[in-house]
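Worksheet: the structure to be examined is printed underneath.
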Amino acid sequence: MGNLYEDALPPVTGERFDTLLSHQGVVIERIVSTSKIESQEYVQQQDEWVVLLTGEATLAVGGRKVPLKAGDYLFLPARTPHTVKSVSDGALWLAVHLHGGGA
């Protein structure tokens, strides 16, 4: 048992990734962001579904600007370049990584 909102203070800079579950090719992470981030492009080998639980963010996904507000979710197919361009301080995300090539 756990609580998404406990120990959810943002780091001084960047983002903190906390693995909540890793089971049979599925990894669920809580991500806590600060507004002090360096844009870093991610190109992951697995599919990812992400939801912004609190805050606001702007991503670049495959060269397209994607604004997000609390409650917005997004599917990122494997090998899709994506970058967090800006994020509000204390933004809270839930990310589901799907390893092993689904159906």
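By convention here, the chains of the structure tokens are called A, B, ... in the order presented, each chain's residues are numbered starting at 1, and ligands are numbered starting at 1 in the order presented.
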
Using only C-alpha atoms, tabulate the residues of segment 73-96 of chain A lying at most 10 Å from any atom of segment 61-67 of chain A, each with its closest atom pair and that distance in Å to one decimal, by chain and increasing residue number, as a tab-separated table.
```
residue	atom	partner	partner_atom	distance
A:Leu74	CA	A:Val66	CA	9.4
A:Leu76	CA	A:Val61	CA	8.2
A:Arg79	CA	A:Gly62	CA	9.7
A:Thr80	CA	A:Gly62	CA	6.2
A:Pro81	CA	A:Gly62	CA	5.3
A:His82	CA	A:Val61	CA	4.4
A:Thr83	CA	A:Val61	CA	6.6
A:Val84	CA	A:Val61	CA	8.8
A:Lys85	CA	A:Lys65	CA	8.9
A:Ser86	CA	A:Pro67	CA	9.3
A:Val87	CA	A:Pro67	CA	9.8
```

Contacts of Gly55 of chain A at 9 Å or less, counting only C-alpha atoms, minus same-chain residues fewer than 5 places along, as a PyMOL selection string? chain A and resi 68-70+87-93

For segment 47-72 of chain A versus segment 11-28 of chain A, which residues have an atom no more than 10 Å away, and what is each residue's nearest atom pair and distance in Å rounded to one decimal, using only C-alpha atoms, chain-then-number order, as a Markdown table?
```
| residue | atom | partner | partner_atom | distance |
| --- | --- | --- | --- | --- |
| A:Asp47 | CA | A:Val26 | CA | 10.0 |
| A:Glu48 | CA | A:Val27 | CA | 9.4 |
| A:Trp49 | CA | A:Ile28 | CA | 9.5 |
| A:Val50 | CA | A:Ile28 | CA | 9.6 |
```

Could the residues in this selection be saved with C-alpha atoms as a PDB file, in the first residue's frame?
```pdb
ATOM      1  CA  ASP A  47       5.763   2.387 -24.874  1.00  0.00           C
ATOM      2  CA  GLU A  48       4.806   4.873 -22.167  1.00  0.00           C
ATOM      3  CA  TRP A  49       1.471   6.246 -20.984  1.00  0.00           C
ATOM      4  CA  VAL A  50       1.762   9.329 -18.776  1.00  0.00           C
TER       5      VAL A  50
END
```

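Across the structure, atom CA of Val96 of chain A and atom CA of Leu9 of chain A are spaced 20.8 Å apart.
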
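Going from atom CA of Gly100 of chain A over to atom CA of Thr58 of chain A, you cover 28.4 Å.
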
Separation of atom CA of Ala95 of chain A and atom CA of Val32 of chain A, in Å?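 The value is 10.9 Å.
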
Using DSSP on the backbone, list every residue of chain A that comes out as strand (DSSP E), and give them as an MDAnalysis selection string. chainID A and resid 15:23 26:33 41:42 47:54 56:61 64:69 73:76 82:87 92:98

Return the single residue from A:Val43, A:Leu52, A:Arg30, A:Pro77 that is closest to Tyr5 of chain A, with distances computed using only C-alpha atoms.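 Result for the nearest residue to Tyr5 of chain A: A:Arg30.
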
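If you measure from each of A:Glu29, A:Leu94, A:Ile37, A:Ala60 to Asp72 of chain A using only C-alpha atoms, the closest one turns out to be A:Leu94.
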
Using only C-alpha atoms, which of A:Pro10, A:Ala78, A:Gly71, A:Met1 sits nearest Lys36 of chain A?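 Ranking A:Pro10, A:Ala78, A:Gly71, A:Met1 by distance to Lys36 of chain A, first place goes to A:Pro10.
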